[in-house]
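**Q** Pasting a structure here, questions to come.
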Amino acid sequence: MRDSDRRAELGSFLRAQRARLRPADVGLPEGDPALRRTPGLRREEVAELSGVGVTWYTYLEQGRDISASAQVIDALARALRLDPDEHHHLRDLAGLAPPDTPPPGGEQATARLRRLVDAAAPNAASLYDACFDYVAWNTSYTLLRLDPLTFPPGRRNLLWMMFTDAANRARMVDWEPAARAVISQFRAAMGRRPGDPRLVALVEELSEVSREFREWWADHPVRRFRPATVGIDHPEIGRLDLEMFKMRPMGHPDLVLVLQVPVGEDARRRVASLLGRTGRD
(Lines give C-alpha, C1' and ligand atoms only; values in the text may rest on other atoms or scores of the structure.)
Protein backbone atom coordinates (compact mmCIF):
# COMPACT_ATOMS: atom_id res chain seq x y z
CA MET A 1 0.00 0.00 0.00
CA ARG A 2 1.35 3.44 -0.94
CA ASP A 3 1.76 5.93 1.89
CA SER A 4 -0.97 8.16 0.48
CA ASP A 5 -3.37 5.22 0.24
CA ARG A 6 -2.50 4.10 3.77
CA ARG A 7 -3.14 7.60 5.16
CA ALA A 8 -6.46 7.81 3.31
CA GLU A 9 -7.50 4.42 4.70
CA LEU A 10 -6.43 5.52 8.18
CA GLY A 11 -8.65 8.60 7.94
CA SER A 12 -11.58 6.56 6.65
CA PHE A 13 -11.16 4.02 9.46
CA LEU A 14 -11.08 6.73 12.13
CA ARG A 15 -14.21 8.37 10.75
CA ALA A 16 -16.06 5.04 10.65
CA GLN A 17 -15.12 4.21 14.24
CA ARG A 18 -16.09 7.68 15.42
CA ALA A 19 -19.46 7.44 13.68
CA ARG A 20 -20.44 4.17 15.39
CA LEU A 21 -20.13 5.56 18.92
CA ARG A 22 -22.69 7.54 20.89
CA PRO A 23 -21.65 9.98 23.61
CA ALA A 24 -23.12 7.67 26.23
CA ASP A 25 -20.82 4.88 25.03
CA VAL A 26 -17.79 6.86 26.18
CA GLY A 27 -19.26 8.47 29.28
CA LEU A 28 -20.28 11.82 27.74
CA PRO A 29 -23.72 13.44 28.14
CA GLU A 30 -26.06 12.73 25.26
CA GLY A 31 -27.40 16.26 24.90
CA ASP A 32 -30.07 17.10 22.35
CA PRO A 33 -29.78 14.72 19.35
CA ALA A 34 -31.32 17.41 17.15
CA LEU A 35 -28.31 19.62 17.73
CA ARG A 36 -25.90 17.00 16.43
CA ARG A 37 -25.10 17.51 12.77
CA THR A 38 -23.03 14.35 12.50
CA PRO A 39 -23.62 10.75 13.51
CA GLY A 40 -21.60 9.45 16.41
CA LEU A 41 -18.97 11.47 18.22
CA ARG A 42 -17.63 14.83 17.14
CA ARG A 43 -13.96 15.22 16.28
CA GLU A 44 -13.61 17.53 19.26
CA GLU A 45 -14.92 14.80 21.57
CA VAL A 46 -12.51 12.17 20.23
CA ALA A 47 -9.64 14.64 20.59
CA GLU A 48 -10.63 15.43 24.17
CA LEU A 49 -11.03 11.76 25.14
CA SER A 50 -7.62 10.84 23.70
CA GLY A 51 -5.71 13.94 24.79
CA VAL A 52 -4.87 14.81 21.17
CA GLY A 53 -5.17 18.26 19.67
CA VAL A 54 -8.27 18.82 17.57
CA THR A 55 -6.28 20.11 14.61
CA TRP A 56 -3.90 17.15 14.76
CA TYR A 57 -6.77 14.67 14.91
CA THR A 58 -8.50 16.43 12.02
CA TYR A 59 -5.36 16.11 9.93
CA LEU A 60 -5.30 12.37 10.63
CA GLU A 61 -8.89 11.96 9.47
CA GLN A 62 -8.12 14.00 6.37
CA GLY A 63 -5.23 11.72 5.46
CA ARG A 64 -2.64 14.48 5.57
CA ASP A 65 1.06 13.69 5.40
CA ILE A 66 1.76 13.63 9.13
CA SER A 67 3.04 10.89 11.40
CA ALA A 68 1.49 9.84 14.68
CA SER A 69 3.41 8.26 17.55
CA ALA A 70 2.46 4.95 19.10
CA GLN A 71 1.23 6.82 22.18
CA VAL A 72 -1.19 8.89 20.09
CA ILE A 73 -2.49 5.91 18.13
CA ASP A 74 -2.95 3.85 21.29
CA ALA A 75 -4.77 6.75 22.96
CA LEU A 76 -7.12 6.98 19.97
CA ALA A 77 -7.72 3.23 20.16
CA ARG A 78 -8.77 3.59 23.79
CA ALA A 79 -10.94 6.65 23.10
CA LEU A 80 -12.71 4.88 20.23
CA ARG A 81 -13.18 1.67 22.26
CA LEU A 82 -11.38 -0.47 19.67
CA ASP A 83 -11.12 -4.20 20.27
CA PRO A 84 -7.70 -5.93 19.89
CA ASP A 85 -8.18 -6.68 16.17
CA GLU A 86 -9.25 -3.10 15.43
CA HIS A 87 -6.36 -1.75 17.49
CA HIS A 88 -3.95 -3.95 15.52
CA HIS A 89 -5.44 -2.66 12.26
CA LEU A 90 -5.16 0.96 13.38
CA ARG A 91 -1.49 0.44 14.15
CA ASP A 92 -0.96 -1.16 10.73
CA LEU A 93 -2.53 1.85 9.02
CA ALA A 94 -0.36 4.21 11.06
CA GLY A 95 2.77 2.32 10.00
CA LEU A 96 3.50 1.10 13.53
CA ALA A 97 4.40 -2.25 15.03
CA PRO A 98 1.49 -4.35 16.34
CA PRO A 99 0.33 -3.59 19.88
CA ASP A 100 1.53 -5.76 22.74
CA THR A 101 -1.42 -8.06 23.21
CA PRO A 102 -1.20 -11.38 25.03
CA PRO A 103 -1.82 -14.41 22.79
CA PRO A 104 -4.79 -16.69 23.48
CA GLY A 105 -3.77 -18.66 26.54
CA GLY A 106 -4.92 -21.44 28.75
CA GLU A 107 -4.84 -25.19 28.48
CA GLN A 108 -7.26 -25.16 25.54
CA ALA A 109 -4.80 -23.16 23.39
CA THR A 110 -1.90 -25.39 24.47
CA ALA A 111 -3.85 -28.55 23.67
CA ARG A 112 -4.71 -27.18 20.23
CA LEU A 113 -1.03 -26.59 19.44
CA ARG A 114 -0.14 -30.07 20.70
CA ARG A 115 -2.66 -31.53 18.27
CA LEU A 116 -0.94 -29.59 15.48
CA VAL A 117 2.46 -31.00 16.50
CA ASP A 118 1.08 -34.56 16.68
CA ALA A 119 -0.56 -34.19 13.26
CA ALA A 120 2.83 -33.45 11.67
CA ALA A 121 3.86 -37.13 11.96
CA PRO A 122 5.69 -38.91 10.40
CA ASN A 123 7.72 -35.68 10.30
CA ALA A 124 9.50 -34.83 13.53
CA ALA A 125 7.92 -31.73 15.03
CA SER A 126 8.72 -29.61 18.07
CA LEU A 127 7.38 -26.36 19.45
CA TYR A 128 9.57 -23.86 21.30
CA ASP A 129 8.93 -20.65 23.19
CA ALA A 130 10.92 -17.41 23.00
CA CYS A 131 13.55 -18.86 25.36
CA PHE A 132 13.97 -22.01 23.21
CA ASP A 133 12.23 -24.08 25.92
CA TYR A 134 10.28 -27.07 24.60
CA VAL A 135 6.51 -26.57 24.67
CA ALA A 136 5.44 -29.67 22.72
CA TRP A 137 6.91 -32.43 20.55
CA ASN A 138 5.62 -35.52 18.78
CA THR A 139 6.60 -39.18 18.85
CA SER A 140 8.63 -38.83 15.65
CA TYR A 141 10.79 -36.24 17.39
CA THR A 142 11.46 -38.50 20.37
CA LEU A 143 12.43 -41.41 18.08
CA LEU A 144 14.54 -39.51 15.57
CA ARG A 145 16.16 -36.88 17.81
CA LEU A 146 15.53 -37.23 21.57
CA ASP A 147 12.86 -37.21 24.25
CA PRO A 148 12.87 -33.84 26.10
CA LEU A 149 11.47 -35.62 29.15
CA THR A 150 14.92 -37.16 29.68
CA PHE A 151 16.03 -33.69 30.80
CA PRO A 152 15.05 -32.39 34.25
CA PRO A 153 12.46 -29.59 34.50
CA GLY A 154 14.11 -26.27 33.73
CA ARG A 155 16.51 -27.84 31.25
CA ARG A 156 14.05 -29.05 28.64
CA ASN A 157 15.51 -26.58 26.24
CA LEU A 158 16.93 -26.74 22.70
CA LEU A 159 20.26 -25.24 23.78
CA TRP A 160 20.67 -27.70 26.64
CA MET A 161 19.92 -30.51 24.21
CA MET A 162 22.36 -29.25 21.60
CA PHE A 163 25.28 -28.46 23.88
CA THR A 164 25.05 -30.99 26.72
CA ASP A 165 23.43 -34.17 25.37
CA ALA A 166 26.15 -36.61 24.28
CA ALA A 167 23.71 -38.97 22.54
CA ASN A 168 22.33 -36.20 20.34
CA ARG A 169 25.84 -35.02 19.50
CA ALA A 170 26.95 -38.51 18.52
CA ARG A 171 23.86 -39.04 16.36
CA MET A 172 24.35 -35.84 14.33
CA VAL A 173 26.51 -36.16 11.22
CA ASP A 174 27.74 -32.54 11.41
CA TRP A 175 27.16 -31.36 14.94
CA GLU A 176 29.27 -28.21 14.95
CA PRO A 177 27.59 -26.31 12.07
CA ALA A 178 24.17 -27.09 13.53
CA ALA A 179 25.22 -26.05 17.04
CA ARG A 180 26.73 -22.82 15.74
CA ALA A 181 23.49 -22.07 13.87
CA VAL A 182 21.43 -22.60 17.03
CA ILE A 183 23.63 -20.36 19.17
CA SER A 184 23.53 -17.67 16.46
CA GLN A 185 19.73 -17.80 16.35
CA PHE A 186 19.66 -17.63 20.15
CA ARG A 187 21.84 -14.50 20.10
CA ALA A 188 19.39 -12.89 17.65
CA ALA A 189 16.47 -13.89 19.88
CA MET A 190 18.18 -12.41 22.93
CA GLY A 191 18.55 -9.12 21.06
CA ARG A 192 14.77 -8.95 20.89
CA ARG A 193 14.46 -9.56 24.66
CA PRO A 194 17.50 -7.89 26.26
CA GLY A 195 17.77 -8.51 29.97
CA ASP A 196 15.20 -11.32 30.04
CA PRO A 197 16.03 -13.22 33.26
CA ARG A 198 15.42 -16.63 31.71
CA LEU A 199 17.73 -15.91 28.77
CA VAL A 200 20.44 -14.45 31.00
CA ALA A 201 20.29 -17.53 33.24
CA LEU A 202 20.60 -19.85 30.23
CA VAL A 203 23.74 -18.08 29.04
CA GLU A 204 25.33 -18.22 32.49
CA GLU A 205 24.50 -21.90 33.08
CA LEU A 206 25.53 -23.11 29.63
CA SER A 207 28.76 -21.12 29.78
CA GLU A 208 29.68 -23.06 32.91
CA VAL A 209 29.06 -26.54 31.49
CA SER A 210 29.94 -26.21 27.79
CA ARG A 211 33.31 -24.99 26.54
CA GLU A 212 31.99 -24.63 22.98
CA PHE A 213 29.04 -22.56 24.09
CA ARG A 214 31.24 -20.30 26.22
CA GLU A 215 33.79 -19.70 23.46
CA TRP A 216 31.31 -19.26 20.62
CA TRP A 217 29.04 -17.00 22.66
CA ALA A 218 31.98 -14.68 23.31
CA ASP A 219 32.30 -14.19 19.52
CA HIS A 220 28.79 -12.62 19.40
CA PRO A 221 27.48 -14.72 16.50
CA VAL A 222 24.18 -13.54 15.03
CA ARG A 223 22.29 -15.36 12.30
CA ARG A 224 18.58 -15.76 11.83
CA PHE A 225 17.12 -19.07 10.70
CA ARG A 226 17.95 -20.16 7.17
CA PRO A 227 16.78 -23.28 5.31
CA ALA A 228 19.02 -26.20 6.19
CA THR A 229 19.29 -29.98 6.09
CA VAL A 230 20.56 -31.93 9.10
CA GLY A 231 22.01 -35.41 8.78
CA ILE A 232 21.65 -38.02 11.52
CA ASP A 233 22.94 -41.56 11.98
CA HIS A 234 20.03 -43.37 13.57
CA PRO A 235 20.91 -46.58 15.45
CA GLU A 236 17.91 -48.46 14.03
CA ILE A 237 17.20 -47.08 10.55
CA GLY A 238 20.62 -45.77 9.52
CA ARG A 239 21.66 -42.49 7.92
CA LEU A 240 18.99 -40.04 6.85
CA ASP A 241 18.73 -36.32 6.12
CA LEU A 242 16.10 -34.10 7.69
CA GLU A 243 15.06 -30.87 5.97
CA MET A 244 14.33 -28.12 8.52
CA PHE A 245 11.29 -25.85 8.32
CA LYS A 246 10.49 -23.11 10.82
CA MET A 247 7.19 -21.24 11.22
CA ARG A 248 5.20 -19.29 13.81
CA PRO A 249 1.59 -20.20 14.67
CA MET A 250 -0.80 -17.32 14.10
CA GLY A 251 -1.85 -15.81 17.40
CA HIS A 252 1.31 -17.08 19.13
CA PRO A 253 4.16 -14.88 17.85
CA ASP A 254 6.52 -15.99 20.64
CA LEU A 255 6.25 -19.67 19.71
CA VAL A 256 8.15 -21.43 16.93
CA LEU A 257 7.15 -24.66 15.22
CA VAL A 258 10.06 -26.59 13.70
CA LEU A 259 9.41 -29.45 11.28
CA GLN A 260 12.15 -31.93 10.36
CA VAL A 261 11.07 -33.64 7.15
CA PRO A 262 12.86 -36.82 5.94
CA VAL A 263 14.44 -36.20 2.55
CA GLY A 264 13.51 -38.75 -0.10
CA GLU A 265 10.95 -41.51 -0.32
CA ASP A 266 13.30 -44.15 1.10
CA ALA A 267 13.93 -42.04 4.23
CA ARG A 268 10.21 -41.48 4.66
CA ARG A 269 9.54 -45.23 4.44
CA ARG A 270 12.20 -46.00 7.03
CA VAL A 271 10.79 -43.40 9.43
CA ALA A 272 7.29 -44.79 8.93
CA SER A 273 8.61 -48.26 9.60
CA LEU A 274 10.26 -47.07 12.82
CA LEU A 275 6.99 -45.51 13.96
CA GLY A 276 5.12 -48.70 13.08
CA ARG A 277 7.50 -50.90 15.09
CA THR A 278 6.93 -48.81 18.19
CA GLY A 279 3.15 -49.21 17.87
CA ARG A 280 2.74 -45.42 17.89
CA ASP A 281 1.79 -42.91 15.20
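Chain labels follow the order of the C-alpha coordinates: the first chain is A, the next B, and so on; residue numbering restarts at 1 in every chain, and ligands are counted from 1 in their shown order.
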Can you pull out every residue within 8 Å of region 173-189 of chain A, counting only C-alpha atoms, but drop anything in the same chain fewer than 2 positions away, and send it as number ranges by chain?

**A** A: 130-132, 159, 162-163, 169-171, 191-193, 213, 216-217, 220-225, 230-233

**Q** DSSP on the backbone: which residues in region 10-174 of chain A end up as helix (DSSP H, G or I)? Give the answer as an NGL selection string.

**A** :A and (10-19 or 23-26 or 33-35 or 43-50 or 54-61 or 70-79 or 84-93 or 106-119 or 139-144 or 148-150 or 158-164 or 166-171)

**Q** Kindly assemble as a Markdown table a list of the region 110-145 of chain A residues that lie within 10 Å of region 248-253 of chain A, each paired with its nearest atom pair and their distance in Å to one decimal, using only C-alpha atoms, sorted first by chain and then by ascending residue number.

**A**
```
| residue | atom | partner | partner_atom | distance |
| --- | --- | --- | --- | --- |
| A:Leu113 | CA | A:Pro249 | CA | 8.4 |
| A:Leu116 | CA | A:Pro249 | CA | 9.8 |
| A:Leu127 | CA | A:Arg248 | CA | 9.3 |
| A:Tyr128 | CA | A:Arg248 | CA | 9.8 |
| A:Asp129 | CA | A:Pro253 | CA | 9.2 |
| A:Ala130 | CA | A:Pro253 | CA | 8.9 |
```

**Q** Do you have the CA of Gly63 (chain A)-CA of Ser4 (chain A) distance handy?

**A** 7.5 Å

**Q** Excluding region 75-78 of chain A and any residue of its chain fewer than 6 positions from it, enumerate the residues within 9 Å of it, using only C-alpha atoms, and give them as number ranges by chain.

**A** A: 14, 46-47, 49-52, 86-87, 90

**Q** Quick one: pick out all strand (DSSP E or B) residues within region 50-280 of chain A from a backbone DSSP run and write them as a PyMOL selection string.

**A** chain A and resi 124-128+133-137+157+172+228-234+238-247+256-262

**Q** Write out as a list in words the residues lying within 12 Å of Asp92 (chain A), counting only C-alpha atoms and excluding same-chain residues fewer than 5 positions away.

**A**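 Once the adjacent positions are removed, what remains is Met1, Asp3, Arg6, Arg7, Glu9, Leu10, Phe13, Ala68, Ala70, Ile73, Asp74, Asp85, Glu86, His87, Ala97, Pro98 and Pro99 of chain A.
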
**Q** May I have the residues from that selection written out with N, CA, C and O atoms, as a short mmCIF file (atom, residue, chain, number, x, y, z; two decimals), in the first residue's frame?

**A**
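Once everything was written out, this is again08.cif:
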```
data_model
loop_
_atom_site.label_atom_id
_atom_site.label_comp_id
_atom_site.auth_asym_id
_atom_site.auth_seq_id
_atom_site.Cartn_x
_atom_site.Cartn_y
_atom_site.Cartn_z
N MET A 1 0.85 -1.19 0.00
CA MET A 1 0.00 0.00 0.00
C MET A 1 0.89 1.25 0.00
O MET A 1 1.81 1.37 0.80
N ASP A 3 1.97 5.14 0.68
CA ASP A 3 1.76 5.93 1.89
C ASP A 3 0.49 6.76 1.80
O ASP A 3 -0.26 6.90 2.78
N ARG A 6 -2.43 4.52 2.36
CA ARG A 6 -2.50 4.10 3.77
C ARG A 6 -3.06 5.23 4.63
O ARG A 6 -3.90 5.00 5.50
N ARG A 7 -2.63 6.47 4.38
CA ARG A 7 -3.14 7.60 5.16
C ARG A 7 -4.62 7.82 4.90
O ARG A 7 -5.40 8.12 5.81
N GLU A 9 -6.78 5.50 4.03
CA GLU A 9 -7.50 4.42 4.70
C GLU A 9 -7.53 4.65 6.21
O GLU A 9 -8.54 4.35 6.87
N LEU A 10 -6.45 5.20 6.76
CA LEU A 10 -6.43 5.52 8.18
C LEU A 10 -7.51 6.54 8.51
O LEU A 10 -8.27 6.37 9.48
N PHE A 13 -10.94 4.91 8.32
CA PHE A 13 -11.16 4.02 9.46
C PHE A 13 -11.50 4.81 10.71
O PHE A 13 -12.43 4.46 11.45
N ALA A 68 2.01 9.89 13.32
CA ALA A 68 1.49 9.84 14.68
C ALA A 68 2.30 8.82 15.47
O ALA A 68 2.61 7.73 14.98
N ALA A 70 3.20 6.09 18.55
CA ALA A 70 2.46 4.95 19.10
C ALA A 70 1.57 5.39 20.25
O ALA A 70 0.45 4.89 20.41
N ILE A 73 -1.63 6.93 18.74
CA ILE A 73 -2.49 5.91 18.13
C ILE A 73 -3.14 5.04 19.20
O ILE A 73 -4.33 4.71 19.13
N ASP A 74 -2.39 4.67 20.22
CA ASP A 74 -2.95 3.85 21.29
C ASP A 74 -4.00 4.63 22.08
O ASP A 74 -5.01 4.06 22.52
N ASP A 85 -8.38 -6.59 17.62
CA ASP A 85 -8.18 -6.68 16.17
C ASP A 85 -8.22 -5.29 15.53
O ASP A 85 -7.42 -4.99 14.63
N GLU A 86 -9.14 -4.46 15.97
CA GLU A 86 -9.25 -3.10 15.43
C GLU A 86 -8.03 -2.26 15.81
O GLU A 86 -7.54 -1.46 15.01
N HIS A 87 -7.56 -2.45 17.04
CA HIS A 87 -6.36 -1.75 17.49
C HIS A 87 -5.15 -2.15 16.64
O HIS A 87 -4.35 -1.31 16.21
N ALA A 97 4.36 -0.84 14.66
CA ALA A 97 4.40 -2.25 15.03
C ALA A 97 3.10 -2.64 15.71
O ALA A 97 2.40 -1.79 16.28
N PRO A 98 2.73 -3.91 15.69
CA PRO A 98 1.49 -4.35 16.34
C PRO A 98 1.52 -4.03 17.84
O PRO A 98 2.59 -3.97 18.45
N PRO A 99 0.36 -3.82 18.44
CA PRO A 99 0.33 -3.59 19.88
C PRO A 99 0.72 -4.83 20.66
O PRO A 99 0.62 -5.95 20.14
#
```

**Q** Quick one: residues within 9 Å of Ala120 (chain A), only C-alpha atoms counted, chain neighbours fewer than 3 positions away excluded, as a PyMOL selection string?

**A** chain A and resi 115-117+123-125+138+140+259

**Q** Would you put the residues from that selection into a file with all heavy atoms, as a CSV table (one decimal), in the first residue's frame?

**A**
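Output saved as again.csv:
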```csv
chain,number,residue,atom,x,y,z
A,115,ARG,N,-2.0,-30.7,19.3
A,115,ARG,CA,-2.7,-31.5,18.3
A,115,ARG,C,-2.0,-31.2,16.9
A,115,ARG,O,-1.8,-32.1,16.1
A,115,ARG,CB,-4.2,-31.2,18.2
A,115,ARG,CG,-5.0,-31.8,19.4
A,115,ARG,CD,-6.4,-31.8,19.1
A,115,ARG,NE,-7.0,-30.4,18.9
A,115,ARG,CZ,-7.4,-29.7,20.0
A,115,ARG,NH1,-7.4,-30.1,21.2
A,115,ARG,NH2,-7.9,-28.5,19.7
A,116,LEU,N,-1.6,-30.0,16.7
A,116,LEU,CA,-0.9,-29.6,15.5
A,116,LEU,C,0.4,-30.3,15.4
A,116,LEU,O,0.8,-30.8,14.3
A,116,LEU,CB,-0.7,-28.1,15.4
A,116,LEU,CG,0.1,-27.5,14.3
A,116,LEU,CD1,-0.5,-27.8,13.0
A,116,LEU,CD2,0.4,-26.0,14.5
A,117,VAL,N,1.2,-30.3,16.5
A,117,VAL,CA,2.5,-31.0,16.5
A,117,VAL,C,2.3,-32.5,16.2
A,117,VAL,O,3.0,-33.1,15.5
A,117,VAL,CB,3.2,-30.7,17.8
A,117,VAL,CG1,4.4,-31.6,18.0
A,117,VAL,CG2,3.5,-29.3,18.0
A,123,ASN,N,6.7,-36.7,10.1
A,123,ASN,CA,7.7,-35.7,10.3
A,123,ASN,C,7.9,-35.4,11.8
A,123,ASN,O,7.0,-35.3,12.6
A,123,ASN,CB,7.4,-34.4,9.6
A,123,ASN,CG,7.0,-34.6,8.1
A,123,ASN,OD1,7.8,-35.3,7.4
A,123,ASN,ND2,5.9,-34.1,7.7
A,124,ALA,N,9.2,-35.2,12.2
A,124,ALA,CA,9.5,-34.8,13.5
A,124,ALA,C,9.1,-33.4,13.7
A,124,ALA,O,9.5,-32.5,12.9
A,124,ALA,CB,11.0,-35.0,13.8
A,125,ALA,N,8.4,-33.1,14.8
A,125,ALA,CA,7.9,-31.7,15.0
A,125,ALA,C,8.1,-31.4,16.5
A,125,ALA,O,8.0,-32.2,17.4
A,125,ALA,CB,6.4,-31.6,14.7
A,138,ASN,N,6.4,-34.3,19.1
A,138,ASN,CA,5.6,-35.5,18.8
A,138,ASN,C,6.5,-36.8,18.9
A,138,ASN,O,7.7,-36.7,19.2
A,138,ASN,CB,5.0,-35.4,17.4
A,138,ASN,CG,6.0,-35.3,16.3
A,138,ASN,OD1,7.2,-35.4,16.5
A,138,ASN,ND2,5.5,-35.0,15.1
A,140,SER,N,7.6,-38.8,16.6
A,140,SER,CA,8.6,-38.8,15.7
A,140,SER,C,9.9,-38.1,16.2
A,140,SER,O,11.0,-38.5,16.0
A,140,SER,CB,8.2,-38.2,14.3
A,140,SER,OG,7.1,-38.9,13.8
A,259,LEU,N,9.7,-28.1,11.9
A,259,LEU,CA,9.4,-29.4,11.3
A,259,LEU,C,10.7,-30.0,10.7
A,259,LEU,O,11.5,-29.2,10.1
A,259,LEU,CB,8.4,-29.3,10.2
A,259,LEU,CG,7.0,-28.9,10.5
A,259,LEU,CD1,6.1,-28.9,9.3
A,259,LEU,CD2,6.4,-29.9,11.6
```

**Q** Quick check, in Å to one decimal: how far apart do CA of Arg42 (chain A) and CA of Arg64 (chain A) lie?

**A**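 Computed distance, CA of Arg42 (chain A) to CA of Arg64 (chain A), equals 18.9 Å.
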
**Q** With only C-alpha atoms as the counted atoms, please give the residues lying no more than 10 Å from region 260-271 of chain A, apart from itself and same-chain residues fewer than 5 positions off, as an MDAnalysis selection string.

**A** chainID A and resid 120:126 140:141 143:145 228:231 236:246 276:277

**Q** Excluding region 206-212 of chain A and any residue of its chain fewer than 3 positions from it, enumerate the residues within 8 Å of it, using only C-alpha atoms, and give them as a VMD selection string.

**A** chain A and resid 160 163 to 164 202 to 203 215 to 216

**Q** Any idea what the distance is between CA of Tyr134 (chain A) and CA of Leu158 (chain A)?

**A** 6.9 Å
